[in-house]
$ cat structure18.txt   # compact mmCIF, C-alpha atoms
# COMPACT_ATOMS: atom_id res chain seq x y z
CA MET A 1 -12.19 19.31 -11.86
CA ALA A 2 -11.62 20.40 -8.27
CA ARG A 3 -8.40 20.74 -6.29
CA LEU A 4 -8.81 18.19 -3.51
CA GLY A 5 -6.62 16.78 -0.78
CA PHE A 6 -6.64 13.43 0.99
CA LEU A 7 -4.76 12.54 4.18
CA GLY A 8 -4.45 9.00 5.54
CA LEU A 9 -3.92 6.22 3.01
CA GLY A 10 -4.66 3.05 4.96
CA ILE A 11 -7.06 0.27 3.98
CA MET A 12 -9.92 2.79 3.92
CA GLY A 13 -8.22 6.00 2.86
CA ALA A 14 -6.23 4.71 -0.10
CA PRO A 15 -9.23 3.45 -2.10
CA MET A 16 -11.24 6.54 -1.13
CA ALA A 17 -8.51 8.79 -2.51
CA ARG A 18 -8.23 6.62 -5.61
CA HIS A 19 -11.93 7.13 -6.36
CA LEU A 20 -11.46 10.91 -6.19
CA ILE A 21 -8.54 10.69 -8.62
CA GLU A 22 -10.51 8.42 -10.96
CA ALA A 23 -13.37 10.93 -10.90
CA GLY A 24 -11.01 13.38 -12.59
CA HIS A 25 -10.00 15.59 -9.67
CA ASP A 26 -6.53 16.97 -8.94
CA VAL A 27 -5.77 15.24 -5.60
CA ALA A 28 -2.92 16.11 -3.23
CA LEU A 29 -1.96 13.06 -1.15
CA TRP A 30 -0.33 12.61 2.26
CA SER A 31 0.30 9.71 4.62
CA HIS A 32 2.39 9.20 7.75
CA ASN A 33 4.05 6.55 5.58
CA SER A 34 5.37 8.59 2.65
CA LEU A 35 5.75 5.44 0.53
CA LYS A 36 1.97 5.00 0.51
CA ALA A 37 1.47 8.45 -0.99
CA ALA A 38 4.23 7.91 -3.53
CA ARG A 39 2.86 4.53 -4.61
CA LEU A 40 -0.69 5.80 -5.00
CA SER A 41 0.56 8.77 -6.97
CA GLU A 42 2.51 6.46 -9.29
CA SER A 43 -0.31 3.95 -9.76
CA ALA A 44 -3.35 6.22 -9.94
CA GLY A 45 -2.22 9.82 -10.21
CA GLY A 46 -2.40 12.68 -7.75
CA VAL A 47 0.50 14.48 -6.15
CA ALA A 48 2.35 13.09 -3.13
CA CYS A 49 2.98 15.83 -0.53
CA ALA A 50 5.51 16.01 2.28
CA THR A 51 3.16 17.48 4.93
CA PRO A 52 -0.53 18.16 5.59
CA GLU A 53 0.36 21.85 5.34
CA GLU A 54 1.41 21.31 1.71
CA VAL A 55 -1.83 19.46 0.99
CA ALA A 56 -3.83 22.43 2.30
CA GLN A 57 -1.85 24.83 0.14
CA ARG A 58 -2.83 22.85 -2.96
CA SER A 59 -6.50 22.26 -2.12
CA GLU A 60 -9.98 23.74 -1.99
CA TYR A 61 -11.43 20.75 -0.14
CA VAL A 62 -9.49 18.29 2.02
CA PHE A 63 -10.62 14.86 3.26
CA LEU A 64 -8.87 12.85 5.93
CA CYS A 65 -9.28 9.33 7.26
CA VAL A 66 -6.92 8.55 10.13
CA GLY A 67 -6.91 6.19 13.07
CA ASP A 68 -7.86 8.12 16.18
CA THR A 69 -8.59 11.47 17.81
CA HIS A 70 -4.93 12.36 18.46
CA MET A 71 -3.92 11.65 14.86
CA SER A 72 -6.83 13.70 13.55
CA ARG A 73 -5.98 16.69 15.72
CA GLN A 74 -2.31 16.54 14.79
CA VAL A 75 -2.83 16.48 11.02
CA ILE A 76 -5.33 19.34 11.27
CA LEU A 77 -3.85 21.59 13.98
CA GLY A 78 -0.28 20.32 14.48
CA SER A 79 2.98 22.08 13.64
CA ASN A 80 2.78 20.98 9.98
CA GLY A 81 -0.99 20.59 10.00
CA LEU A 82 -3.63 21.65 7.53
CA ILE A 83 -4.32 24.88 9.42
CA ARG A 84 -0.78 26.09 8.65
CA GLY A 85 -1.34 25.98 4.89
CA ALA A 86 -5.04 26.75 4.71
CA SER A 87 -6.48 29.80 3.09
CA GLN A 88 -9.82 31.22 4.22
CA GLY A 89 -12.71 29.22 2.82
CA LEU A 90 -10.91 25.87 2.76
CA VAL A 91 -13.24 22.99 3.61
CA ILE A 92 -11.87 20.14 5.75
CA ALA A 93 -13.96 16.98 5.99
CA ASP A 94 -12.78 14.52 8.64
CA CYS A 95 -13.94 11.00 7.73
CA SER A 96 -12.21 9.49 10.78
CA THR A 97 -14.14 8.13 13.76
CA VAL A 98 -13.01 10.35 16.63
CA SER A 99 -14.33 11.98 19.79
CA PRO A 100 -17.38 14.19 19.09
CA ALA A 101 -16.28 16.64 21.81
CA ALA A 102 -12.76 16.88 20.39
CA SER A 103 -14.15 17.27 16.88
CA ARG A 104 -16.36 20.15 17.96
CA ALA A 105 -13.34 21.84 19.53
CA VAL A 106 -11.38 21.47 16.27
CA SER A 107 -14.34 22.87 14.34
CA SER A 108 -14.46 25.91 16.60
CA GLU A 109 -10.73 26.56 16.27
CA LEU A 110 -10.86 26.28 12.48
CA SER A 111 -13.93 28.50 12.25
CA ALA A 112 -12.05 31.27 14.05
CA GLN A 113 -9.53 31.15 11.18
CA GLY A 114 -12.21 31.23 8.46
CA ILE A 115 -11.83 27.51 7.67
CA HIS A 116 -14.91 25.32 7.26
CA PHE A 117 -15.10 21.90 8.91
CA LEU A 118 -17.32 18.84 8.55
CA ASP A 119 -17.23 15.74 10.73
CA ALA A 120 -18.01 13.01 8.20
CA PRO A 121 -17.31 9.51 9.55
CA CYS A 122 -18.10 6.65 7.23
CA THR A 123 -19.16 3.04 7.46
CA GLY A 124 -18.82 0.17 5.05
CA SER A 125 -15.37 -1.15 5.97
CA ARG A 126 -12.74 -2.08 3.41
CA GLY A 127 -15.20 -3.43 0.86
CA GLY A 128 -17.24 -0.25 0.88
CA ALA A 129 -14.14 1.89 0.47
CA GLU A 130 -12.89 -0.21 -2.43
CA GLY A 131 -16.29 -0.31 -4.11
CA GLY A 132 -17.12 3.36 -3.60
CA THR A 133 -20.24 2.40 -1.65
CA LEU A 134 -19.50 3.89 1.77
CA THR A 135 -22.16 5.54 3.91
CA PHE A 136 -21.25 8.97 5.31
CA MET A 137 -22.81 10.62 8.36
CA VAL A 138 -22.10 14.34 8.25
CA GLY A 139 -22.16 17.11 10.85
CA GLY A 140 -21.51 20.80 10.31
CA ASP A 141 -22.89 23.73 8.34
CA PRO A 142 -25.53 22.44 5.89
CA ALA A 143 -24.47 24.94 3.21
CA VAL A 144 -20.86 23.75 3.44
CA PHE A 145 -22.04 20.15 3.19
CA ALA A 146 -24.10 21.01 0.10
CA ARG A 147 -21.01 22.48 -1.59
CA THR A 148 -18.86 19.50 -0.61
CA ARG A 149 -21.40 16.80 -1.47
CA PRO A 150 -20.25 16.26 -5.09
CA TYR A 151 -16.81 15.27 -3.80
CA PHE A 152 -18.21 12.72 -1.35
CA GLU A 153 -20.20 11.02 -4.09
CA PRO A 154 -17.32 9.18 -5.82
CA MET A 155 -16.56 7.54 -2.46
CA GLY A 156 -20.03 6.64 -1.17
CA LYS A 157 -23.56 5.64 -2.07
CA SER A 158 -25.37 7.18 0.93
CA LEU A 159 -24.87 10.60 2.49
CA TYR A 160 -26.75 11.59 5.63
CA TYR A 161 -26.71 15.13 6.96
CA CYS A 162 -27.11 14.66 10.72
CA GLY A 163 -26.99 18.21 12.10
CA GLY A 164 -24.44 20.60 13.54
CA PRO A 165 -20.81 19.98 14.53
CA GLY A 166 -20.28 16.54 16.09
CA HIS A 167 -23.64 15.13 14.99
CA GLY A 168 -22.13 12.96 12.25
CA LEU A 169 -19.84 11.37 14.81
CA GLN A 170 -22.70 10.89 17.26
CA ALA A 171 -24.61 8.98 14.58
CA LYS A 172 -21.56 6.89 13.66
CA LEU A 173 -20.82 5.92 17.25
CA SER A 174 -24.47 5.00 17.81
CA GLN A 175 -24.33 2.74 14.77
CA ASN A 176 -21.07 1.12 15.86
CA LEU A 177 -22.48 0.60 19.35
CA ILE A 178 -25.04 -1.79 17.87
CA LEU A 179 -22.40 -3.41 15.68
CA GLY A 180 -20.03 -4.14 18.58
CA ASN A 181 -22.70 -5.49 20.91
CA LEU A 182 -24.30 -7.54 18.15
CA LEU A 183 -20.98 -9.10 17.24
CA ASN A 184 -20.45 -10.26 20.81
CA ALA A 185 -23.98 -11.70 20.91
CA PHE A 186 -23.16 -13.62 17.71
CA ASN A 187 -19.89 -14.86 19.22
CA GLU A 188 -21.65 -16.17 22.33
CA SER A 189 -24.47 -17.76 20.36
CA LEU A 190 -22.28 -19.61 17.85
CA VAL A 191 -19.82 -20.85 20.46
CA MET A 192 -22.67 -22.10 22.64
CA SER A 193 -24.59 -23.77 19.80
CA THR A 194 -21.42 -25.35 18.39
CA LYS A 195 -20.35 -26.77 21.74
CA GLY A 196 -23.91 -27.98 22.23
CA GLY A 197 -23.61 -30.06 19.04
CA VAL A 198 -25.44 -27.91 16.48
CA ASP A 199 -23.65 -27.63 13.14
CA PRO A 200 -22.54 -23.99 12.69
CA GLU A 201 -23.76 -23.73 9.10
CA LEU A 202 -27.16 -25.08 10.13
CA MET A 203 -27.26 -22.56 12.98
CA LEU A 204 -26.50 -19.71 10.56
CA ASP A 205 -29.32 -20.87 8.29
CA ILE A 206 -31.69 -20.83 11.26
CA LEU A 207 -30.56 -17.33 12.23
CA ASN A 208 -30.96 -16.08 8.66
CA ASN A 209 -34.56 -17.28 8.65
CA SER A 210 -35.59 -15.97 12.04
CA ALA A 211 -36.19 -12.69 13.85
CA ALA A 212 -32.50 -12.82 14.87
CA ARG A 213 -31.42 -12.32 11.27
CA SER A 214 -28.57 -9.80 10.91
CA GLY A 215 -26.64 -8.50 7.95
CA LEU A 216 -23.51 -8.38 10.11
CA VAL A 217 -23.89 -12.03 11.13
CA SER A 218 -24.60 -13.15 7.56
CA MET A 219 -21.46 -11.35 6.38
CA LYS A 220 -19.06 -12.37 9.15
CA ALA A 221 -20.12 -15.96 9.92
CA PRO A 222 -18.71 -17.52 6.71
CA ALA A 223 -15.31 -15.94 7.44
CA VAL A 224 -15.38 -17.40 10.95
CA PHE A 225 -16.29 -20.84 9.59
CA ARG A 226 -13.28 -20.87 7.24
CA ARG A 227 -11.03 -19.22 9.89
CA ASP A 228 -10.35 -16.21 7.68
CA PHE A 229 -9.66 -13.23 9.94
CA SER A 230 -8.03 -11.00 7.30
CA THR A 231 -8.79 -7.40 8.15
CA ASN A 232 -11.72 -5.40 6.87
CA PHE A 233 -12.34 -3.63 10.18
CA SER A 234 -9.86 -4.44 12.92
CA VAL A 235 -10.54 -5.38 16.52
CA LYS A 236 -8.29 -2.56 17.75
CA TRP A 237 -10.27 0.11 15.93
CA LEU A 238 -13.64 -1.22 17.08
CA GLU A 239 -12.33 -1.27 20.67
CA LYS A 240 -11.21 2.34 20.18
CA ASP A 241 -14.68 3.27 18.90
CA MET A 242 -16.33 1.60 21.88
CA GLY A 243 -14.18 3.69 24.18
CA LEU A 244 -15.46 6.78 22.35
CA MET A 245 -19.03 5.50 22.76
CA LEU A 246 -18.56 5.21 26.50
CA GLU A 247 -17.04 8.70 26.70
CA SER A 248 -20.02 10.09 24.80
CA ALA A 249 -22.50 8.14 26.92
CA ALA A 250 -20.90 9.55 30.08
CA GLU A 251 -21.08 13.09 28.70
CA LEU A 252 -24.77 12.63 27.86
CA GLY A 253 -25.68 10.78 31.06
CA VAL A 254 -26.71 7.62 29.19
CA PRO A 255 -26.09 4.24 30.90
CA ALA A 256 -24.20 1.82 28.64
CA PRO A 257 -23.70 -1.46 30.54
CA LEU A 258 -23.68 -3.74 27.47
CA THR A 259 -21.14 -1.58 25.71
CA THR A 260 -18.93 -1.58 28.79
CA LEU A 261 -18.85 -5.38 28.81
CA SER A 262 -18.40 -5.63 25.04
CA ARG A 263 -15.42 -3.34 25.16
CA LYS A 264 -13.79 -5.55 27.81
CA LEU A 265 -14.15 -8.57 25.51
CA PHE A 266 -12.49 -6.70 22.65
CA GLN A 267 -9.74 -5.58 25.03
CA GLU A 268 -9.20 -9.24 25.92
CA ALA A 269 -8.92 -10.07 22.20
CA ILE A 270 -6.27 -7.37 21.81
CA GLU A 271 -4.35 -8.72 24.81
CA LYS A 272 -4.35 -12.16 23.18
CA GLY A 273 -2.78 -10.72 20.03
CA TYR A 274 -5.87 -10.44 17.83
CA GLY A 275 -6.01 -6.64 17.68
CA GLU A 276 -4.88 -6.29 14.05
CA ASP A 277 -7.26 -9.01 12.85
CA ASP A 278 -10.80 -8.48 11.60
CA ILE A 279 -13.46 -8.01 14.25
CA CYS A 280 -14.85 -11.49 13.54
CA GLY A 281 -11.57 -12.90 14.88
CA SER A 282 -12.62 -11.79 18.36
CA ILE A 283 -14.70 -14.98 18.60
CA ARG A 284 -11.49 -16.81 19.56
CA VAL A 285 -11.64 -15.30 23.07
CA LEU A 286 -14.85 -17.21 23.84
CA GLU A 287 -13.79 -20.28 21.83
CA GLU A 288 -10.70 -20.64 23.99
CA LEU A 289 -12.68 -20.21 27.20
CA ALA A 290 -15.29 -22.76 26.05
CA GLY A 291 -12.81 -25.22 24.56
CA CYS A 292 -14.41 -25.45 21.14
CA GLN A 293 -13.93 -23.96 17.70
CA VAL A 294 -16.62 -22.76 15.32
CA THR A 295 -15.81 -24.16 11.87
CA ALA A 296 -17.74 -25.06 8.74
CA SER A 297 -17.33 -28.78 9.31
CA ALA A 298 -18.39 -29.16 12.94
CA SER A 299 -17.42 -28.24 16.46
CA LYS A 300 -14.06 -29.51 17.62
CA GLU A 301 -11.98 -29.20 20.73
CA VAL A 302 -9.25 -26.57 20.78
CA GLN A 303 -5.90 -28.28 20.73

$ encode --input "structure18.txt" --output "structure tokens"
Amino acid sequence: MARLGFLGLGIMGAPMARHLIEAGHDVALWSHNSLKAARLSESAGGVACATPEEVAQRSEYVFLCVGDTHMSRQVILGSNGLIRGASQGLVIADCSTVSPAASRAVSSELSAQGIHFLDAPCTGSRGGAEGGTLTFMVGGDPAVFARTRPYFEPMGKSLYYCGGPGHGLQAKLSQNLILGNLLNAFNESLVMSTKGGVDPELMLDILNNSAARSGLVSMKAPAVFRRDFSTNFSVKWLEKDMGLMLESAAELGVPAPLTTLSRKLFQEAIEKGYGEDDICGSIRVLEELAGCQVTASASKEVQ
């Protein structure tokens, strides 16, 4: 049994922390919403803590999964952050999707204090977190990753060591770049085919049996057809990730015209009030412009 910590208990973090508890580890828990930590402690075990600093004091390895770069930096380096309670040799693994440049800066600051750091963003959305089947992309010292690996395993099925600091995040953003652009291509295709009179379920069958086949499309299309936009991965977080992609592309001198346009479409979805919904709900932006709705039955005019 190891002394672990977990910060951030949202739709991803809570089941990730639960898997660590169920694996038999002593897990210190913290969330911006203290009720989340208390409820998980009551239902699964672990110890609810008042601050990230307290989590660090109780832990040998700490994982965090928070919403954005600012949140990540605050829980690690802020006034009550992990660095305040960390002893030398503590390992911090940030599973959030944040800026690679900012993550490298955090890594450098922690290293100066004798604290090890891994950037370890994950993919698999809510279902992967709940099922313990996430995929992790890890950057940092390979020896530190090797020591930490057994504590990733209750949370994920695939672990990729990608290189030095920031490389895990670079891999994650590259993966999400495809996801975001592919989703918008799906949205355009299904709205166009539906308005052109092709039954959406027939169109999905064609896609699934063609070179355009996509696991993302196969997974998200049925939810669109039944108008179920309950959140597995929200529009607002994908838009945030696409902003990080564009920052990284600018730093590296890589043109990203498709990603620039895709981000604008997700920003439009947020402006229309769809930001908290699942990414597949972004199709409504194009549906409203085209005057049709993609449903399982058939195309129909938006009322």

$ closest_residue --input "structure18.txt" --among "A:Gln175, A:Thr260, A:Thr133, A:Ser193" --to "Ser158 of chain A" --atoms "only C-alpha atoms"
A:Thr133

$ residues_around --input "structure18.txt" --residues "Ala223 of chain A" --least-positions-apart "3" --cutoff "10 Å" --atoms "only C-alpha atoms" --output "JSON, numbers by chain"
{"A": [218, 219, 220, 226, 227, 228, 229, 230, 278, 280, 281, 295, 296]}

$ atom_distance --input "structure18.txt" --atom1 "atom CA of Ala269 of chain A" --atom2 "atom CA of Val98 of chain A"
21.6 Å

$ residues_around --input "structure18.txt" --residues "segment 115-131 of chain A" --least-positions-apart "3" --cutoff "7 Å" --atoms "all atoms listed in the file" --output "PyMOL selection string"
chain A and resi 11-12+15-16+88-97+107+110-111+134-140+155+165-166+168-169+172+232-233

$ closest_atom_pairs --input "structure18.txt" --of "segment 2-67 of chain A" --to "segment 146-150 of chain A" --cutoff "12 Å" --atoms "all atoms listed in the file" --output "CSV"
residue,atom,partner,partner_atom,distance
A:Ala2,CA,A:Pro150,CA,10.1
A:Arg3,CA,A:Thr148,CA,12.0
A:Leu4,CA,A:Thr148,CA,10.5
A:Leu20,CA,A:Pro150,CA,10.3
A:Ala23,CA,A:Pro150,CA,10.5
A:His25,CA,A:Pro150,CA,11.2
A:Glu60,CA,A:Thr148,CA,9.9
A:Tyr61,CA,A:Thr148,CA,7.5
A:Val62,CA,A:Thr148,CA,9.8
A:Phe63,CA,A:Thr148,CA,10.2

$ write_last_selection --input "structure18.txt" --atoms "C-alpha atoms" --output "mmCIF file, in the coordinates of the input"
data_model
loop_
_atom_site.group_PDB
_atom_site.id
_atom_site.type_symbol
_atom_site.label_atom_id
_atom_site.label_comp_id
_atom_site.auth_asym_id
_atom_site.auth_seq_id
_atom_site.Cartn_x
_atom_site.Cartn_y
_atom_site.Cartn_z
ATOM 1 C CA ALA A 2 -11.620 20.400 -8.270
ATOM 2 C CA ARG A 3 -8.400 20.740 -6.290
ATOM 3 C CA LEU A 4 -8.810 18.190 -3.510
ATOM 4 C CA LEU A 20 -11.460 10.910 -6.190
ATOM 5 C CA ALA A 23 -13.370 10.930 -10.900
ATOM 6 C CA HIS A 25 -10.000 15.590 -9.670
ATOM 7 C CA GLU A 60 -9.980 23.740 -1.990
ATOM 8 C CA TYR A 61 -11.430 20.750 -0.140
ATOM 9 C CA VAL A 62 -9.490 18.290 2.020
ATOM 10 C CA PHE A 63 -10.620 14.860 3.260
#

$ residues_around --input "structure18.txt" --residues "Ser174 of chain A" --least-positions-apart "3" --cutoff "12 Å" --atoms "only C-alpha atoms" --output "list in words"
Thr97, Pro100, Pro121, Thr123, Met137, His167, Gly168, Leu169, Gln170, Ala171, Leu177, Ile178, Leu179, Gly180, Asn181, Asp241, Met242, Leu244, Met245, Leu246, Ser248, Ala249, Val254, Ala256 and Thr259 of chain A

$ atom_distance --input "structure18.txt" --atom1 "atom CA of Val55 of chain A" --atom2 "atom CA of Lys236 of chain A"
28.4 Å

$ closest_residue --input "structure18.txt" --among "A:Leu77, A:Leu82, A:Val285, A:Val224" --to "Ala105 of chain A" --atoms "all atoms listed in the file"
A:Leu77

$ atom_distance --input "structure18.txt" --atom1 "atom CA of Arg213 of chain A" --atom2 "atom CA of Val294 of chain A"
18.6 Å

$ residues_near_point --input "structure18.txt" --point "(-14.3, -9.9, 23.0)" --cutoff "8 Å" --atoms "only C-alpha atoms" --output "ChimeraX atom specification"
/A:184,262-269,282-283,285-286

$ write_last_selection --input "structure18.txt" --atoms "C-alpha atoms" --output "PDB file, in the frame of the given file"
ATOM      1  CA  ASN A 184     -20.450 -10.260  20.810  1.00  0.00           C
ATOM      2  CA  SER A 262     -18.400  -5.630  25.040  1.00  0.00           C
ATOM      3  CA  ARG A 263     -15.420  -3.340  25.160  1.00  0.00           C
ATOM      4  CA  LYS A 264     -13.790  -5.550  27.810  1.00  0.00           C
ATOM      5  CA  LEU A 265     -14.150  -8.570  25.510  1.00  0.00           C
ATOM      6  CA  PHE A 266     -12.490  -6.700  22.650  1.00  0.00           C
ATOM      7  CA  GLN A 267      -9.740  -5.580  25.030  1.00  0.00           C
ATOM      8  CA  GLU A 268      -9.200  -9.240  25.920  1.00  0.00           C
ATOM      9  CA  ALA A 269      -8.920 -10.070  22.200  1.00  0.00           C
ATOM     10  CA  SER A 282     -12.620 -11.790  18.360  1.00  0.00           C
ATOM     11  CA  ILE A 283     -14.700 -14.980  18.600  1.00  0.00           C
ATOM     12  CA  VAL A 285     -11.640 -15.300  23.070  1.00  0.00           C
ATOM     13  CA  LEU A 286     -14.850 -17.210  23.840  1.00  0.00           C
TER      14      LEU A 286
END
